[in-house]
>>> print(open('entry-v7.csv').read())   # CSV, N, CA and C atoms and all ligand atoms
chain,number,residue,atom,x,y,z
B,23,MET,N,0.8,-1.2,0.0
B,23,MET,CA,0.0,0.0,0.0
B,23,MET,C,0.9,1.3,0.0
B,24,LYS,N,0.4,2.3,-0.8
B,24,LYS,CA,1.2,3.5,-0.8
B,24,LYS,C,0.4,4.6,-0.1
B,25,VAL,N,1.1,5.4,0.7
B,25,VAL,CA,0.4,6.4,1.5
B,25,VAL,C,1.0,7.8,1.3
B,26,GLY,N,0.2,8.8,1.5
B,26,GLY,CA,0.7,10.2,1.5
B,26,GLY,C,0.4,10.7,2.9
B,27,ILE,N,1.4,11.3,3.5
B,27,ILE,CA,1.2,11.9,4.9
B,27,ILE,C,1.1,13.4,4.8
B,28,ILE,N,0.1,13.9,5.6
B,28,ILE,CA,-0.1,15.3,5.7
B,28,ILE,C,0.3,15.7,7.2
B,29,ARG,N,1.2,16.7,7.3
B,29,ARG,CA,1.7,17.1,8.6
B,29,ARG,C,1.3,18.5,8.9
B,30,CYS,N,1.6,18.9,10.1
B,30,CYS,CA,1.3,20.3,10.6
B,30,CYS,C,2.4,21.2,10.1
B,31,GLN,N,2.1,22.3,9.5
B,31,GLN,CA,3.2,23.2,9.1
B,31,GLN,C,3.8,23.9,10.3
B,32,GLN,N,3.1,24.0,11.3
B,32,GLN,CA,3.6,24.7,12.5
B,32,GLN,C,4.7,23.9,13.2
B,33,THR,N,4.7,22.6,13.0
B,33,THR,CA,5.7,21.8,13.7
B,33,THR,C,6.8,21.3,12.8
B,34,GLU,N,6.8,21.6,11.5
B,34,GLU,CA,7.7,21.0,10.6
B,34,GLU,C,9.2,21.5,10.9
B,35,ASP,N,9.3,22.7,11.5
B,35,ASP,CA,10.6,23.2,11.7
B,35,ASP,C,11.3,22.6,13.0
B,36,ILE,N,10.5,21.9,13.8
B,36,ILE,CA,11.0,21.2,14.9
B,36,ILE,C,11.0,19.7,14.9
B,37,CYS,N,10.4,19.2,13.8
B,37,CYS,CA,10.3,17.7,13.7
B,37,CYS,C,10.5,17.2,12.2
B,38,PRO,N,11.4,16.4,12.0
B,38,PRO,CA,11.7,15.9,10.6
B,38,PRO,C,10.7,14.7,10.2
B,39,GLY,N,9.9,14.3,11.1
B,39,GLY,CA,8.9,13.2,10.8
B,39,GLY,C,9.5,11.8,10.8
B,40,THR,N,10.7,11.7,11.5
B,40,THR,CA,11.4,10.4,11.5
B,40,THR,C,10.5,9.3,12.0
B,41,THR,N,9.7,9.5,13.1
B,41,THR,CA,8.9,8.4,13.6
B,41,THR,C,7.8,8.0,12.6
B,42,ASP,N,7.3,9.0,11.9
B,42,ASP,CA,6.2,8.6,10.9
B,42,ASP,C,6.8,7.7,9.9
B,43,PHE,N,8.0,7.9,9.4
B,43,PHE,CA,8.6,7.1,8.4
B,43,PHE,C,8.9,5.7,9.0
B,44,LYS,N,9.4,5.7,10.2
B,44,LYS,CA,9.7,4.4,10.8
B,44,LYS,C,8.5,3.5,11.0
B,45,MET,N,7.4,4.1,11.6
B,45,MET,CA,6.2,3.4,11.8
B,45,MET,C,5.6,2.9,10.5
B,46,ALA,N,5.6,3.7,9.5
B,46,ALA,CA,5.1,3.3,8.2
B,46,ALA,C,5.8,2.1,7.6
B,47,ALA,N,7.1,2.2,7.6
B,47,ALA,CA,8.0,1.1,7.0
B,47,ALA,C,7.8,-0.2,7.8
B,48,ALA,N,7.6,0.0,9.1
B,48,ALA,CA,7.6,-1.2,10.0
B,48,ALA,C,6.2,-1.8,10.1
B,49,GLY,N,5.2,-1.0,9.7
B,49,GLY,CA,3.8,-1.5,9.9
B,49,GLY,C,3.4,-1.5,11.3
B,50,LEU,N,3.8,-0.5,12.1
B,50,LEU,CA,3.5,-0.4,13.5
B,50,LEU,C,2.5,0.8,13.8
B,51,GLN,N,2.0,0.7,15.0
B,51,GLN,CA,1.1,1.8,15.5
B,51,GLN,C,-0.1,2.0,14.5
B,52,ALA,N,-0.2,3.2,13.9
B,52,ALA,CA,-1.4,3.4,13.0
B,52,ALA,C,-1.4,2.5,11.8
B,53,PHE,N,-0.2,1.8,11.5
B,53,PHE,CA,-0.1,1.0,10.3
B,53,PHE,C,-0.2,-0.5,10.7
B,54,GLU,N,-0.6,-0.8,11.9
B,54,GLU,CA,-0.7,-2.2,12.2
B,54,GLU,C,-1.8,-2.9,11.4
B,55,GLU,N,-2.9,-2.2,11.1
B,55,GLU,CA,-3.9,-2.9,10.3
B,55,GLU,C,-3.5,-3.0,8.8
B,56,THR,N,-2.8,-2.1,8.3
B,56,THR,CA,-2.4,-2.1,6.9
B,56,THR,C,-1.2,-3.0,6.6
B,57,GLY,N,-0.3,-3.1,7.6
B,57,GLY,CA,1.0,-3.7,7.4
B,57,GLY,C,1.9,-2.6,6.9
B,58,PRO,N,3.2,-2.9,6.6
B,58,PRO,CA,4.1,-1.9,6.2
B,58,PRO,C,3.6,-1.2,4.9
B,59,VAL,N,3.8,0.1,4.9
B,59,VAL,CA,3.4,0.9,3.8
B,59,VAL,C,4.5,1.7,3.2
B,60,GLU,N,4.4,2.2,2.0
B,60,GLU,CA,5.4,3.0,1.3
B,60,GLU,C,4.9,4.4,1.3
B,61,VAL,N,5.7,5.3,1.9
B,61,VAL,CA,5.3,6.7,1.9
B,61,VAL,C,5.8,7.4,0.6
B,62,ILE,N,4.9,7.8,-0.2
B,62,ILE,CA,5.3,8.4,-1.5
B,62,ILE,C,5.0,9.9,-1.6
B,63,GLY,N,4.4,10.4,-0.5
B,63,GLY,CA,4.2,11.9,-0.4
B,63,GLY,C,4.3,12.3,1.1
B,64,PHE,N,4.9,13.4,1.4
B,64,PHE,CA,5.0,13.9,2.8
B,64,PHE,C,4.9,15.4,2.7
B,65,VAL,N,3.7,15.9,2.9
B,65,VAL,CA,3.5,17.3,2.7
B,65,VAL,C,2.9,18.0,4.0
B,66,SER,N,2.9,19.3,4.0
B,66,SER,CA,2.3,20.0,5.2
B,66,SER,C,0.9,20.4,4.7
B,67,CYS,N,0.1,20.8,5.7
B,67,CYS,CA,-1.2,21.3,5.5
B,67,CYS,C,-1.2,22.6,4.7
B,68,GLY,N,-0.1,23.3,4.7
B,68,GLY,CA,0.0,24.6,4.0
B,68,GLY,C,-0.1,25.7,5.0
B,69,GLY,N,-0.3,25.5,6.2
B,69,GLY,CA,-0.4,26.5,7.2
B,69,GLY,C,-1.8,26.7,7.6
B,70,CYS,N,-2.0,27.3,8.8
B,70,CYS,CA,-3.4,27.5,9.3
B,70,CYS,C,-4.2,28.4,8.4
B,71,PRO,N,-5.5,28.0,8.2
B,71,PRO,CA,-6.2,26.9,8.8
B,71,PRO,C,-6.2,25.6,8.1
B,72,GLY,N,-5.2,25.3,7.3
B,72,GLY,CA,-5.1,24.0,6.6
B,72,GLY,C,-5.9,23.9,5.3
B,73,LYS,N,-6.2,25.1,4.7
B,73,LYS,CA,-7.0,25.0,3.5
B,73,LYS,C,-6.2,24.4,2.3
B,74,ARG,N,-4.9,24.3,2.3
B,74,ARG,CA,-4.2,23.6,1.2
B,74,ARG,C,-4.2,22.1,1.3
B,75,ALA,N,-4.6,21.6,2.4
B,75,ALA,CA,-4.6,20.2,2.7
B,75,ALA,C,-5.4,19.4,1.7
B,76,VAL,N,-6.6,20.0,1.3
B,76,VAL,CA,-7.5,19.2,0.4
B,76,VAL,C,-6.8,19.1,-1.0
B,77,ALA,N,-6.3,20.2,-1.5
B,77,ALA,CA,-5.6,20.2,-2.8
B,77,ALA,C,-4.4,19.3,-2.8
B,78,ARG,N,-3.7,19.3,-1.7
B,78,ARG,CA,-2.5,18.4,-1.6
B,78,ARG,C,-2.8,17.0,-1.5
B,79,ALA,N,-3.9,16.7,-0.8
B,79,ALA,CA,-4.4,15.3,-0.7
B,79,ALA,C,-4.8,14.8,-2.1
B,80,LYS,N,-5.5,15.7,-2.9
B,80,LYS,CA,-5.8,15.3,-4.3
B,80,LYS,C,-4.6,15.0,-5.1
B,81,ILE,N,-3.6,15.8,-5.0
B,81,ILE,CA,-2.4,15.6,-5.8
B,81,ILE,C,-1.7,14.3,-5.4
B,82,MET,N,-1.7,14.0,-4.1
B,82,MET,CA,-1.1,12.7,-3.7
B,82,MET,C,-1.9,11.5,-4.2
B,83,ILE,N,-3.3,11.7,-4.3
B,83,ILE,CA,-4.1,10.6,-4.9
B,83,ILE,C,-3.8,10.4,-6.4
B,84,GLU,N,-3.6,11.6,-7.0
B,84,GLU,CA,-3.2,11.5,-8.5
B,84,GLU,C,-1.9,10.8,-8.6
B,85,ARG,N,-1.0,10.9,-7.7
B,85,ARG,CA,0.3,10.2,-7.7
B,85,ARG,C,0.2,8.8,-7.3
B,86,GLY,N,-1.0,8.3,-6.9
B,86,GLY,CA,-1.1,6.9,-6.6
B,86,GLY,C,-1.2,6.4,-5.2
B,87,VAL,N,-1.5,7.3,-4.2
B,87,VAL,CA,-1.6,6.8,-2.9
B,87,VAL,C,-3.0,6.1,-2.7
B,88,ASP,N,-2.9,5.1,-1.8
B,88,ASP,CA,-4.1,4.4,-1.4
B,88,ASP,C,-4.8,5.0,-0.1
B,89,ALA,N,-3.9,5.7,0.6
B,89,ALA,CA,-4.4,6.3,1.9
B,89,ALA,C,-3.8,7.6,2.1
B,90,ILE,N,-4.6,8.5,2.6
B,90,ILE,CA,-4.2,9.8,3.1
B,90,ILE,C,-4.0,9.7,4.6
B,91,VAL,N,-2.9,10.0,5.2
B,91,VAL,CA,-2.6,9.8,6.6
B,91,VAL,C,-2.3,11.2,7.2
B,92,PHE,N,-3.0,11.4,8.3
B,92,PHE,CA,-2.7,12.6,9.1
B,92,PHE,C,-1.6,12.3,10.1
B,93,ALA,N,-0.5,13.0,10.1
B,93,ALA,CA,0.5,12.8,11.1
B,93,ALA,C,0.0,13.1,12.4
B,94,SER,N,0.6,12.5,13.4
B,94,SER,CA,0.1,12.7,14.8
B,94,SER,C,0.3,14.1,15.3
B,95,CYS,N,1.2,14.9,14.7
B,95,CYS,CA,1.3,16.3,15.1
B,95,CYS,C,0.0,17.0,14.9
B,96,ILE,N,-0.8,16.6,13.9
B,96,ILE,CA,-2.1,17.2,13.7
B,96,ILE,C,-3.2,16.7,14.6
B,97,SER,N,-3.3,15.4,14.7
B,97,SER,CA,-4.5,14.8,15.4
B,97,SER,C,-4.2,14.6,16.9
B,98,LYS,N,-2.9,14.4,17.3
B,98,LYS,CA,-2.6,14.2,18.7
B,98,LYS,C,-1.7,15.3,19.3
B,99,GLY,N,-1.2,16.1,18.5
B,99,GLY,CA,-0.4,17.2,19.0
B,99,GLY,C,1.0,16.9,19.3
B,100,ASN,N,1.5,15.7,18.8
B,100,ASN,CA,2.9,15.4,19.0
B,100,ASN,C,3.8,16.3,18.2
B,101,PRO,N,4.9,16.7,18.7
B,101,PRO,CA,5.5,16.3,20.0
B,101,PRO,C,5.3,17.3,21.1
B,102,ILE,N,4.5,18.4,20.8
B,102,ILE,CA,4.4,19.5,21.8
B,102,ILE,C,3.1,19.5,22.6
B,103,GLY,N,2.3,18.5,22.4
B,103,GLY,CA,1.0,18.4,23.1
B,103,GLY,C,0.0,19.5,22.7
B,104,PHE,N,0.0,19.8,21.4
B,104,PHE,CA,-0.9,20.9,20.9
B,104,PHE,C,-1.5,20.4,19.6
B,105,ALA,N,-2.7,19.8,19.7
B,105,ALA,CA,-3.3,19.2,18.5
B,105,ALA,C,-3.9,20.4,17.6
B,106,CYS,N,-4.1,20.1,16.4
B,106,CYS,CA,-4.6,21.1,15.5
B,106,CYS,C,-6.1,21.4,15.7
B,107,PRO,N,-6.4,22.6,15.9
B,107,PRO,CA,-7.8,22.9,16.2
B,107,PRO,C,-8.7,22.8,14.9
B,108,HIS,N,-8.1,22.6,13.8
B,108,HIS,CA,-8.8,22.5,12.5
B,108,HIS,C,-8.8,21.1,12.0
B,109,PHE,N,-8.4,20.1,12.8
B,109,PHE,CA,-8.2,18.8,12.3
B,109,PHE,C,-9.5,18.2,11.8
B,110,ALA,N,-10.6,18.3,12.6
B,110,ALA,CA,-11.8,17.6,12.2
B,110,ALA,C,-12.4,18.2,10.9
B,111,GLN,N,-12.3,19.5,10.7
B,111,GLN,CA,-12.8,20.2,9.5
B,111,GLN,C,-11.9,19.8,8.3
B,112,MET,N,-10.6,19.7,8.5
B,112,MET,CA,-9.7,19.4,7.5
B,112,MET,C,-9.9,17.9,7.0
B,113,ARG,N,-10.1,17.0,8.0
B,113,ARG,CA,-10.4,15.6,7.6
B,113,ARG,C,-11.7,15.5,6.9
B,114,ASP,N,-12.7,16.2,7.4
B,114,ASP,CA,-14.0,16.1,6.7
B,114,ASP,C,-14.0,16.7,5.3
B,115,ALA,N,-13.3,17.8,5.1
B,115,ALA,CA,-13.1,18.4,3.8
B,115,ALA,C,-12.4,17.4,2.8
B,116,ILE,N,-11.4,16.8,3.3
B,116,ILE,CA,-10.7,15.8,2.5
B,116,ILE,C,-11.6,14.6,2.2
B,117,ARG,N,-12.2,14.1,3.2
B,117,ARG,CA,-13.1,13.0,2.9
B,117,ARG,C,-14.2,13.3,1.9
B,118,ASN,N,-14.7,14.5,2.0
B,118,ASN,CA,-15.8,14.9,1.0
B,118,ASN,C,-15.2,15.0,-0.4
B,119,ARG,N,-13.9,15.4,-0.5
B,119,ARG,CA,-13.3,15.6,-1.9
B,119,ARG,C,-12.8,14.3,-2.4
B,120,VAL,N,-12.3,13.4,-1.6
B,120,VAL,CA,-11.6,12.2,-2.2
B,120,VAL,C,-12.6,11.0,-2.2
B,121,GLY,N,-13.7,11.1,-1.5
B,121,GLY,CA,-14.7,10.0,-1.5
B,121,GLY,C,-14.0,8.7,-1.3
B,122,SER,N,-14.2,7.8,-2.2
B,122,SER,CA,-13.7,6.4,-2.1
B,122,SER,C,-12.4,6.2,-2.7
B,123,GLU,N,-11.8,7.3,-3.2
B,123,GLU,CA,-10.5,7.2,-3.9
B,123,GLU,C,-9.4,6.8,-3.0
B,124,ALA,N,-9.5,7.1,-1.7
B,124,ALA,CA,-8.4,6.7,-0.8
B,124,ALA,C,-9.0,6.6,0.6
B,125,ILE,N,-8.5,5.7,1.4
B,125,ILE,CA,-8.9,5.7,2.8
B,125,ILE,C,-8.2,6.8,3.6
B,126,ILE,N,-8.7,7.2,4.7
B,126,ILE,CA,-8.1,8.2,5.5
B,126,ILE,C,-7.7,7.6,6.9
B,127,ILE,N,-6.5,7.8,7.2
B,127,ILE,CA,-6.0,7.3,8.5
B,127,ILE,C,-5.7,8.5,9.4
B,128,ASP,N,-6.2,8.5,10.6
B,128,ASP,CA,-6.2,9.7,11.4
B,128,ASP,C,-4.9,10.0,12.2
B,129,TRP,N,-4.0,9.1,12.2
B,129,TRP,CA,-2.8,9.3,13.1
B,129,TRP,C,-1.6,8.5,12.5
B,130,THR,N,-0.5,8.7,13.1
B,130,THR,CA,0.7,7.9,12.6
B,130,THR,C,1.3,7.1,13.8
B,131,HIS,N,1.5,7.7,14.9
B,131,HIS,CA,2.1,7.0,16.1
B,131,HIS,C,1.7,7.7,17.4
B,201,LIG,S1,-4.0,24.1,10.3
B,201,LIG,FE1,-3.5,22.7,12.0
B,201,LIG,S2,-2.1,21.3,11.0
B,201,LIG,FE2,-2.1,23.1,9.8
B,201,LIG,S3,-0.5,24.5,10.5
B,201,LIG,FE3,-2.4,25.1,11.6
B,201,LIG,S4,-2.3,23.9,13.5
B,201,LIG,FE4,-0.9,22.9,12.1
>>> encode(input="entry-v7.csv", output="structure tokens")
Amino acid sequence: MKVGIIRCQQTEDICPGTTDFKMAAAGLQAFEETGPVEVIGFVSCGGCPGKRAVARAKIMIERGVDAIVFASCISKGNPIGFACPHFAQMRDAIRNRVGSEAIIIDWTH
């Protein structure tokens, strides 16, 4: 399975996403159900309030991802304990746009 990960732009300067790549490759944590996955896209939401996330999800689907994955910096607030206040809206907007073209996974680790 190929996945595209969307991360929080607010945390990208303090986190290189190392654990996301490790968990995806090993099929652990959020990837226990899918098994090991190949990350073929790793983008940010584009900055608050995340309006670019929908377009970026569409591009990753065009490039062949089977799943759009929200990094845990968005849904769980890792590593600073500050989850995205726009997460639910961003996820719903992407779900409405991509429909059945890709599954959505809410977290990474
Ligand atoms: S919209 Fe959410 S995920 Fe995007 S930069 Fe702002 S806090 Fe981070």
>>> residues_near_ligand(input="entry-v7.csv", ligand="ligand LIG 201 (chain B)", cutoff="10 Å", atoms="only C-alpha atoms and all ligand atoms", output="ChimeraX atom specification")
/B:28-34,66-75,92-97,99,104-112
>>> atom_distance(input="entry-v7.csv", atom1="atom N of Asp114 in chain B", atom2="atom N of Glu54 in chain B")
21.3 Å
>>> residues_around(input="entry-v7.csv", residues="range 45-50 of chain B", least_positions_apart="2", cutoff="8 Å", atoms="only C-alpha atoms", output="list in words")
Thr41, Asp42, Phe43, Ala52, Phe53, Glu54, Glu55, Thr56, Gly57, Pro58, Val59, Glu60, Val61, Thr130 and His131 of chain B
>>> select_by_dssp(input="entry-v7.csv", residues="chain B", states="strand (DSSP E)", output="list of chain:residue names")
B:Lys24, B:Val25, B:Gly26, B:Ile27, B:Ile28, B:Arg29, B:Glu60, B:Val61, B:Ile62, B:Gly63, B:Phe64, B:Val65, B:Ser66, B:Ala89, B:Ile90, B:Val91, B:Phe92, B:Ile125, B:Ile126, B:Ile127
>>> atom_distance(input="entry-v7.csv", atom1="CA of Gly39 in chain B", atom2="CA of Val25 in chain B")
14.3 Å
>>> residues_around(input="entry-v7.csv", residues="range 124-128 of chain B", least_positions_apart="6", cutoff="5 Å", atoms="all atoms listed in the file", output="ChimeraX atom specification")
/B:88-92
>>> atom_distance(input="entry-v7.csv", atom1="atom C of Asp35 in chain B", atom2="atom N of Pro101 in chain B")
10.4 Å
>>> closest_residue(input="entry-v7.csv", among="B:Lys44, B:Ala79, B:Val65, B:Met23", to="Arg113 in chain B", atoms="only C-alpha atoms")
B:Ala79
>>> select_by_dssp(input="entry-v7.csv", residues="chain B", states="helix (DSSP H, G or I)", output="VMD selection string")
chain B and resid 40 to 48 51 to 53 74 to 84 94 to 97 109 to 120
>>> closest_residue(input="entry-v7.csv", among="B:Ile102, B:Val87, B:Ala77, B:Thr40", to="Ile62 in chain B", atoms="only C-alpha atoms")
B:Val87
>>> closest_residue(input="entry-v7.csv", among="B:Gln51, B:Val76, B:Ile36, B:Lys24", to="Arg117 in chain B", atoms="all atoms listed in the file")
B:Val76
>>> build_atoms(input="entry-v7.csv", residues="range 66-77 of chain B", atoms="all heavy atoms", output="PDB file, in the coordinates of the input")
ATOM      1  N   SER B  66       2.900  19.300   4.000  1.00  0.00           N
ATOM      2  CA  SER B  66       2.300  20.000   5.200  1.00  0.00           C
ATOM      3  C   SER B  66       0.900  20.400   4.700  1.00  0.00           C
ATOM      4  O   SER B  66       0.530  20.350   3.565  1.00  0.00           O
ATOM      5  CB  SER B  66       3.101  21.193   5.606  1.00  0.00           C
ATOM      6  OG  SER B  66       2.781  22.303   4.806  1.00  0.00           O
ATOM      7  N   CYS B  67       0.100  20.800   5.700  1.00  0.00           N
ATOM      8  CA  CYS B  67      -1.200  21.300   5.500  1.00  0.00           C
ATOM      9  C   CYS B  67      -1.200  22.600   4.700  1.00  0.00           C
ATOM     10  O   CYS B  67      -2.255  23.103   4.271  1.00  0.00           O
ATOM     11  CB  CYS B  67      -1.980  21.476   6.791  1.00  0.00           C
ATOM     12  SG  CYS B  67      -1.294  22.848   7.746  1.00  0.00           S
ATOM     13  N   GLY B  68      -0.100  23.300   4.700  1.00  0.00           N
ATOM     14  CA  GLY B  68       0.000  24.600   4.000  1.00  0.00           C
ATOM     15  C   GLY B  68      -0.100  25.700   5.000  1.00  0.00           C
ATOM     16  O   GLY B  68       0.049  26.895   4.573  1.00  0.00           O
ATOM     17  N   GLY B  69      -0.300  25.500   6.200  1.00  0.00           N
ATOM     18  CA  GLY B  69      -0.400  26.500   7.200  1.00  0.00           C
ATOM     19  C   GLY B  69      -1.800  26.700   7.600  1.00  0.00           C
ATOM     20  O   GLY B  69      -2.763  26.377   6.901  1.00  0.00           O
ATOM     21  N   CYS B  70      -2.000  27.300   8.800  1.00  0.00           N
ATOM     22  CA  CYS B  70      -3.400  27.500   9.300  1.00  0.00           C
ATOM     23  C   CYS B  70      -4.200  28.400   8.400  1.00  0.00           C
ATOM     24  O   CYS B  70      -3.721  29.316   7.820  1.00  0.00           O
ATOM     25  CB  CYS B  70      -3.329  28.221  10.672  1.00  0.00           C
ATOM     26  SG  CYS B  70      -2.549  27.251  11.978  1.00  0.00           S
ATOM     27  N   PRO B  71      -5.500  28.000   8.200  1.00  0.00           N
ATOM     28  CA  PRO B  71      -6.200  26.900   8.800  1.00  0.00           C
ATOM     29  C   PRO B  71      -6.200  25.600   8.100  1.00  0.00           C
ATOM     30  O   PRO B  71      -7.203  24.813   8.199  1.00  0.00           O
ATOM     31  CB  PRO B  71      -7.618  27.480   8.962  1.00  0.00           C
ATOM     32  CG  PRO B  71      -7.784  28.267   7.689  1.00  0.00           C
ATOM     33  CD  PRO B  71      -6.407  28.829   7.386  1.00  0.00           C
ATOM     34  N   GLY B  72      -5.200  25.300   7.300  1.00  0.00           N
ATOM     35  CA  GLY B  72      -5.100  24.000   6.600  1.00  0.00           C
ATOM     36  C   GLY B  72      -5.900  23.900   5.300  1.00  0.00           C
ATOM     37  O   GLY B  72      -6.176  22.826   4.820  1.00  0.00           O
ATOM     38  N   LYS B  73      -6.200  25.100   4.700  1.00  0.00           N
ATOM     39  CA  LYS B  73      -7.000  25.000   3.500  1.00  0.00           C
ATOM     40  C   LYS B  73      -6.200  24.400   2.300  1.00  0.00           C
ATOM     41  O   LYS B  73      -6.900  23.942   1.330  1.00  0.00           O
ATOM     42  CB  LYS B  73      -7.348  26.462   3.052  1.00  0.00           C
ATOM     43  CG  LYS B  73      -8.426  27.052   3.949  1.00  0.00           C
ATOM     44  CD  LYS B  73      -8.882  28.394   3.407  1.00  0.00           C
ATOM     45  CE  LYS B  73     -10.045  28.938   4.218  1.00  0.00           C
ATOM     46  NZ  LYS B  73     -10.545  30.206   3.666  1.00  0.00           N
ATOM     47  N   ARG B  74      -4.900  24.300   2.300  1.00  0.00           N
ATOM     48  CA  ARG B  74      -4.200  23.600   1.200  1.00  0.00           C
ATOM     49  C   ARG B  74      -4.200  22.100   1.300  1.00  0.00           C
ATOM     50  O   ARG B  74      -3.823  21.430   0.383  1.00  0.00           O
ATOM     51  CB  ARG B  74      -2.791  24.164   1.102  1.00  0.00           C
ATOM     52  CG  ARG B  74      -2.700  25.612   0.693  1.00  0.00           C
ATOM     53  CD  ARG B  74      -1.279  25.987   0.313  1.00  0.00           C
ATOM     54  NE  ARG B  74      -1.232  27.357  -0.150  1.00  0.00           N
ATOM     55  CZ  ARG B  74      -0.560  28.327   0.478  1.00  0.00           C
ATOM     56  NH1 ARG B  74       0.137  28.071   1.566  1.00  0.00           N
ATOM     57  NH2 ARG B  74      -0.565  29.552  -0.014  1.00  0.00           N
ATOM     58  N   ALA B  75      -4.600  21.600   2.400  1.00  0.00           N
ATOM     59  CA  ALA B  75      -4.600  20.200   2.700  1.00  0.00           C
ATOM     60  C   ALA B  75      -5.400  19.400   1.700  1.00  0.00           C
ATOM     61  O   ALA B  75      -5.045  18.341   1.199  1.00  0.00           O
ATOM     62  CB  ALA B  75      -5.021  19.851   4.096  1.00  0.00           C
ATOM     63  N   VAL B  76      -6.600  20.000   1.300  1.00  0.00           N
ATOM     64  CA  VAL B  76      -7.500  19.200   0.400  1.00  0.00           C
ATOM     65  C   VAL B  76      -6.800  19.100  -1.000  1.00  0.00           C
ATOM     66  O   VAL B  76      -6.728  18.022  -1.582  1.00  0.00           O
ATOM     67  CB  VAL B  76      -8.824  19.973   0.223  1.00  0.00           C
ATOM     68  CG1 VAL B  76      -9.679  19.302  -0.840  1.00  0.00           C
ATOM     69  CG2 VAL B  76      -9.560  19.981   1.554  1.00  0.00           C
ATOM     70  N   ALA B  77      -6.300  20.200  -1.500  1.00  0.00           N
ATOM     71  CA  ALA B  77      -5.600  20.200  -2.800  1.00  0.00           C
ATOM     72  C   ALA B  77      -4.400  19.300  -2.800  1.00  0.00           C
ATOM     73  O   ALA B  77      -4.109  18.527  -3.735  1.00  0.00           O
ATOM     74  CB  ALA B  77      -5.185  21.597  -3.231  1.00  0.00           C
TER      75      ALA B  77
END
